[in-house]
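Visitor: After the structure tokens below, expect a handful of questions from me.
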Amino acid sequence: MTRRTLLPFTAAVLAIGLAGCSSYAPVAVADNFAYLYGKGAAAMRLQARVYHPTAERSVVYFKLRTQDLLYKGSGAGGPFRAQVVVSYEAFPSLDSKQLLDSASTFVKDLSNAPGEDKELIGSMEMKRNDHRAFVIRVTARDLNRDAQSTVMVAVMKGPGGRQDFLPLAPNSVPLFDDQLPPNTAVRITAEQHAGHVLYGAHYAAVSKLPAPVFADVPPPPLDQVPDSTFTLTVPADGTFQFTTGRSGFYHFRPDTASTTGYTAFVPTDSYPLVRTSKDMVAPLRYITSLQEWDRIMAAGDRRKEVERFWSDAAGERARAREAISAYYGRVESANRHFSSYVEGWKTDRGLVHIIFGTPNTIRKSERGETWIYGDETNLMSLTFTFVKRDEPYSDNDLVLQRDPRFKSAWYRNVESWRNGRILQN
């Protein structure tokens, strides 16, 4: 995929302070965060991450896709122009209304072929006068069609954390995903650790899938012993290179006395998209019986067995195609939003997202998230609570509080999928 890099700021990206001439008005963090994972979030794909080049300075990087933007012409043909405002607002916490800082950037892109799928990458400087943790909301607003997308990013405190590290593409622009392909040479910049030794370890992939929402089964433990360890010295320019191996994850620590550091994940399957028949098989485990699963796994042609499953479920080709698109669309959405030490569809939130869809209401806190399907004031509504696990590898690892009372809702929705009917809840 082609990247159109807007780093550092060029004529196409102009820094605009919110307190200045920008018309963008900051608002407090919203109470209902369902929009982060819903259909609106997919309308304009926005990714953001924070990097700390020094202890006092931070950079907010963002990425957009040109295919998601509306390009308008002057009426006489090309070039066509896209116009987007990207902004961030900083708050002490998710539930705070105190605005600590804000800034915005105007992104203008010209193209003679607006249908192309390219990446637009830019950045905004962010001041850090102290070392406290806070949260930023990054929003991209397409001015040509009045659409927007938002992501939340927790800004970590203290030295040695994962935001001291920034993975780079071969052309030296930032990568926005810490999921890296196996057997790939990767460059990572860590300017604060230039000249220092990093202590690395590789951990085997966690292959166990989450249990159904009603089963009293603990999540796979993460207190495992690494299968290999190594050290490396960060060169004077602050950028080091290593080559990923087999699936699992790598953890780099600046200090052996602390588990704080940076983690790079190597997915087991295609990521984040479902590309092959092999990728289509594994997520089916959530809605297949043990006998069906064994038949699929024993088949010489698993793709044909997967097609047979969906054809039998839907009863007709058109409905089967619709069900397949919806189901694996949720798998890919889960990968984008919920990946941690495993691919997003293999997490508790991924499980619930695939089976139940996007909830009506999502409440977020420092401790975790609550998903509500139905009216929040209705006692019959379904409520799932996810608690953040205290582990050094990811801040996106949330564990579901399972409850036997979810059993009937689980089987009702699984049966809907098995009948080719797509339900939200």
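Chain labels follow the order of the structure tokens: the first chain is A, the next B, and so on; residue numbering restarts at 1 in every chain, and ligands are counted from 1 in their shown order.
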Based on DSSP run over this structure's backbone, return all residues of stretch 302-372 of chain A in strand (DSSP E or B), as number ranges by chain.
Guide: A: 361-364, 368-372
Visitor: Output the selection as a short mmCIF file (atom, residue, chain, number, x, y, z; two decimals), in the first residue's frame - N, CA and C atoms for each residue.
Guide:
```
data_model
loop_
_atom_site.label_atom_id
_atom_site.label_comp_id
_atom_site.auth_asym_id
_atom_site.auth_seq_id
_atom_site.Cartn_x
_atom_site.Cartn_y
_atom_site.Cartn_z
N THR A 361 -24.56 1.04 24.67
CA THR A 361 -23.82 1.95 25.55
C THR A 361 -22.53 1.29 26.00
N ILE A 362 -21.45 2.07 25.99
CA ILE A 362 -20.19 1.63 26.57
C ILE A 362 -19.72 2.69 27.56
N ARG A 363 -19.49 2.26 28.80
CA ARG A 363 -18.91 3.13 29.81
C ARG A 363 -17.45 2.71 30.01
N LYS A 364 -16.56 3.69 30.00
CA LYS A 364 -15.14 3.41 30.18
C LYS A 364 -14.63 4.08 31.44
N GLY A 368 -11.69 -0.32 33.54
CA GLY A 368 -12.14 -1.19 32.46
C GLY A 368 -13.31 -0.61 31.69
N GLU A 369 -14.18 -1.47 31.19
CA GLU A 369 -15.32 -1.06 30.36
C GLU A 369 -16.56 -1.85 30.75
N THR A 370 -17.72 -1.20 30.60
CA THR A 370 -19.02 -1.86 30.77
C THR A 370 -19.81 -1.70 29.48
N TRP A 371 -20.26 -2.83 28.91
CA TRP A 371 -21.04 -2.82 27.68
C TRP A 371 -22.48 -3.15 28.02
N ILE A 372 -23.41 -2.32 27.52
CA ILE A 372 -24.83 -2.49 27.81
C ILE A 372 -25.58 -2.67 26.50
#
```
Visitor: Identify, on the basis of only C-alpha atoms, every residue whose closest approach to A:Thr66 does not exceed 12 Å; exclude the query and any residue fewer than 5 positions from it along the same chain; express the result as a PyMOL selection string.
Guide: chain A and resi 1-5+43-46+71+80-84+107-111+113-121+142
Visitor: Can you build me a table of stretch 95-162 of chain A residues sitting at most 12 Å from stretch 332-339 of chain A, with the closest atom pair per residue and its distance in Å to one decimal, using only C-alpha atoms, sorted by chain and residue number, as JSON lines?
Guide:
```
{"residue": "A:Val151", "atom": "CA", "partner": "A:His337", "partner_atom": "CA", "distance": 9.7}
{"residue": "A:Met152", "atom": "CA", "partner": "A:His337", "partner_atom": "CA", "distance": 10.8}
{"residue": "A:Val153", "atom": "CA", "partner": "A:His337", "partner_atom": "CA", "distance": 11.9}
```
Visitor: I'd like the interatomic distance between atom CA of A:Met297 and atom CA of A:Asp312, to a tenth of an Å.
Guide: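 Distance reported for this atom pair: 17.4 Å.
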Visitor: So that I can see what lies close to A:Glu56, please list as a list of chain:residue names the residues with an atom at most 12 Å from it, counting only C-alpha atoms and leaving out residues fewer than 4 positions away in the same chain.
Guide: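 Here the answer would be A:Tyr51, A:His52, A:Glu125, A:Met126, A:Lys127, A:Arg128, A:Asn129, A:Asp130, A:His131, A:Arg132, A:Lys157, A:Gly158, A:Pro159, A:Asp164, A:Gln192.
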Visitor: Show me, as a list in words, the residues that have an atom within 10 Å of A:Glu307 when counting only C-alpha atoms, minus same-chain residues fewer than 5 positions from it.
Guide: Ser277, Met280, Arg302, Asp312, Ala313, Arg317, Ala320, Arg321 and Ile324 of chain A
Visitor: Output C-alpha atoms for every residue in that selection, as a PDB file, in the first residue's frame.
Guide:
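After the write, selection10.pdb holds the following:
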```pdb
ATOM      1  CA  SER A 277      -9.642 -20.197   4.300  1.00  0.00           C
ATOM      2  CA  MET A 280     -11.971 -18.337   8.267  1.00  0.00           C
ATOM      3  CA  ARG A 302     -11.516 -27.010   4.997  1.00  0.00           C
ATOM      4  CA  ASP A 312     -26.486 -24.896   5.640  1.00  0.00           C
ATOM      5  CA  ALA A 313     -26.928 -22.105   8.194  1.00  0.00           C
ATOM      6  CA  ARG A 317     -26.499 -18.261  -1.258  1.00  0.00           C
ATOM      7  CA  ALA A 320     -24.906 -16.982   3.315  1.00  0.00           C
ATOM      8  CA  ARG A 321     -22.811 -14.256   1.693  1.00  0.00           C
ATOM      9  CA  ILE A 324     -20.161 -14.434   6.093  1.00  0.00           C
TER      10      ILE A 324
END
```
Visitor: Write out as an NGL selection string which residues come within 9 Å of stretch 342-352 of chain A when counting only C-alpha atoms, dropping same-chain ones fewer than 3 positions away.
Guide: :A and (179 or 205-213 or 219 or 248-249 or 265-269 or 271-272 or 283 or 286 or 330-339 or 355-358 or 384 or 386 or 397-400)
Visitor: Mind giving me the straight-line distance from atom CA of A:Ser340 to atom CA of A:Lys388 in Å, one decimal?
Guide: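 Distance reported for this atom pair: 11.5 Å.
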Visitor: Kindly give the distance, in Å, that separates atom CA of A:Ile422 and atom CA of A:Pro359, rounded to a single decimal.
Guide: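 Rounded to one decimal, the two atoms are 14.2 Å apart.
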Visitor: Need to verify the contact set: A:Glu415, 10 Å, only C-alpha atoms, exclusion of same-chain residues closer than 5 positions in sequence. Can you return it as a PyMOL selection string?
Guide: chain A and resi 287-288+313+409-410+420-421
Visitor: Using only C-alpha atoms, can you tell me which of A:Thr244, A:Thr239, A:Asn360, A:Thr139 comes closest to A:Leu64?
Guide: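 Of A:Thr244, A:Thr239, A:Asn360, A:Thr139, the one nearest A:Leu64, counting only C-alpha atoms, is A:Thr139.
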Visitor: So which residues touch A:Asp177 within 9 Å, counting only C-alpha atoms, skipping near sequence neighbours fewer than 5 positions away, as a PyMOL selection string?
Guide: chain A and resi 47+49+167+264
Visitor: Taking N, CA and C atoms for each residue, export the selection above as a compact mmCIF listing (two decimals), in the first residue's frame.
Guide:
```txt
# COMPACT_ATOMS: atom_id res chain seq x y z
N GLN A 47 -6.12 6.02 12.97
CA GLN A 47 -5.24 5.42 13.95
C GLN A 47 -4.35 6.50 14.54
N ARG A 49 -1.12 7.19 17.75
CA ARG A 49 -0.27 6.69 18.82
C ARG A 49 0.60 7.84 19.31
N PRO A 167 7.85 1.85 16.57
CA PRO A 167 8.24 1.01 15.43
C PRO A 167 8.12 1.78 14.13
N ALA A 264 6.31 -6.11 21.34
CA ALA A 264 5.96 -6.30 19.94
C ALA A 264 5.32 -7.67 19.79
```
Visitor: As a VMD selection string, please: all residues of stretch 193-364 of chain A that backbone DSSP puts in alpha helix (DSSP H).
Guide: chain A and resid 277 to 281 290 to 298 302 to 314 317 to 338 348 to 356
Visitor: Go ahead and write the residues just picked, C-alpha atoms, as an mmCIF file, in the first residue's frame.
Guide:
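Wrote it out as result_38.cif, contents follow:
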```
data_model
loop_
_atom_site.group_PDB
_atom_site.id
_atom_site.type_symbol
_atom_site.label_atom_id
_atom_site.label_comp_id
_atom_site.auth_asym_id
_atom_site.auth_seq_id
_atom_site.Cartn_x
_atom_site.Cartn_y
_atom_site.Cartn_z
ATOM 1 C CA SER A 277 -9.642 -20.197 4.300
ATOM 2 C CA LYS A 278 -7.385 -20.976 7.270
ATOM 3 C CA ASP A 279 -8.260 -17.592 8.757
ATOM 4 C CA MET A 280 -11.971 -18.337 8.267
ATOM 5 C CA VAL A 281 -11.850 -21.644 10.108
ATOM 6 C CA LEU A 290 -17.759 -29.961 18.942
ATOM 7 C CA GLN A 291 -18.880 -32.475 16.307
ATOM 8 C CA GLU A 292 -19.039 -29.786 13.607
ATOM 9 C CA TRP A 293 -15.655 -28.463 14.626
ATOM 10 C CA ASP A 294 -14.066 -31.901 14.512
ATOM 11 C CA ARG A 295 -15.546 -32.469 11.029
ATOM 12 C CA ILE A 296 -14.165 -29.182 9.734
ATOM 13 C CA MET A 297 -10.719 -29.807 11.200
ATOM 14 C CA ALA A 298 -10.610 -33.351 9.781
ATOM 15 C CA ARG A 302 -11.516 -27.010 4.997
ATOM 16 C CA ARG A 303 -12.606 -24.131 2.801
ATOM 17 C CA LYS A 304 -15.336 -26.297 1.321
ATOM 18 C CA GLU A 305 -16.438 -27.325 4.834
ATOM 19 C CA VAL A 306 -16.608 -23.677 5.914
ATOM 20 C CA GLU A 307 -18.730 -22.830 2.863
ATOM 21 C CA ARG A 308 -20.935 -25.818 3.609
ATOM 22 C CA PHE A 309 -21.425 -24.639 7.210
ATOM 23 C CA TRP A 310 -22.566 -21.180 6.143
ATOM 24 C CA SER A 311 -24.688 -22.506 3.286
ATOM 25 C CA ASP A 312 -26.486 -24.896 5.640
ATOM 26 C CA ALA A 313 -26.928 -22.105 8.194
ATOM 27 C CA ALA A 314 -28.336 -19.508 5.818
ATOM 28 C CA ARG A 317 -26.499 -18.261 -1.258
ATOM 29 C CA ALA A 318 -27.385 -14.572 -0.829
ATOM 30 C CA ARG A 319 -28.073 -14.908 2.890
ATOM 31 C CA ALA A 320 -24.906 -16.982 3.315
ATOM 32 C CA ARG A 321 -22.811 -14.256 1.693
ATOM 33 C CA GLU A 322 -24.402 -11.657 3.955
ATOM 34 C CA ALA A 323 -23.774 -13.731 7.087
ATOM 35 C CA ILE A 324 -20.161 -14.434 6.093
ATOM 36 C CA SER A 325 -19.513 -10.746 5.434
ATOM 37 C CA ALA A 326 -21.039 -9.733 8.773
ATOM 38 C CA TYR A 327 -19.324 -12.421 10.849
ATOM 39 C CA TYR A 328 -15.817 -11.967 9.503
ATOM 40 C CA GLY A 329 -16.319 -8.209 9.406
ATOM 41 C CA ARG A 330 -16.725 -8.406 13.167
ATOM 42 C CA VAL A 331 -13.597 -10.569 13.397
ATOM 43 C CA GLU A 332 -11.618 -7.884 11.573
ATOM 44 C CA SER A 333 -13.202 -5.126 13.660
ATOM 45 C CA ALA A 334 -12.208 -6.999 16.829
ATOM 46 C CA ASN A 335 -8.627 -7.224 15.535
ATOM 47 C CA ARG A 336 -8.520 -3.470 14.990
ATOM 48 C CA HIS A 337 -9.896 -2.534 18.396
ATOM 49 C CA PHE A 338 -9.080 -5.254 20.924
ATOM 50 C CA ASP A 348 -12.960 -11.498 25.686
ATOM 51 C CA ARG A 349 -14.130 -8.231 24.129
ATOM 52 C CA GLY A 350 -13.576 -9.724 20.681
ATOM 53 C CA LEU A 351 -15.709 -12.720 21.620
ATOM 54 C CA VAL A 352 -18.600 -10.549 22.813
ATOM 55 C CA HIS A 353 -18.248 -8.150 19.873
ATOM 56 C CA ILE A 354 -18.480 -11.004 17.343
ATOM 57 C CA ILE A 355 -21.452 -12.775 18.924
ATOM 58 C CA PHE A 356 -23.468 -9.799 20.183
#
```
Visitor: With distances taken over only C-alpha atoms, which of A:Gly245, A:Leu198, A:Tyr373, A:His193 is nearest to A:Leu232?
Guide: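 Comparing A:Gly245, A:Leu198, A:Tyr373, A:His193 against A:Leu232, the winner is A:Leu198.
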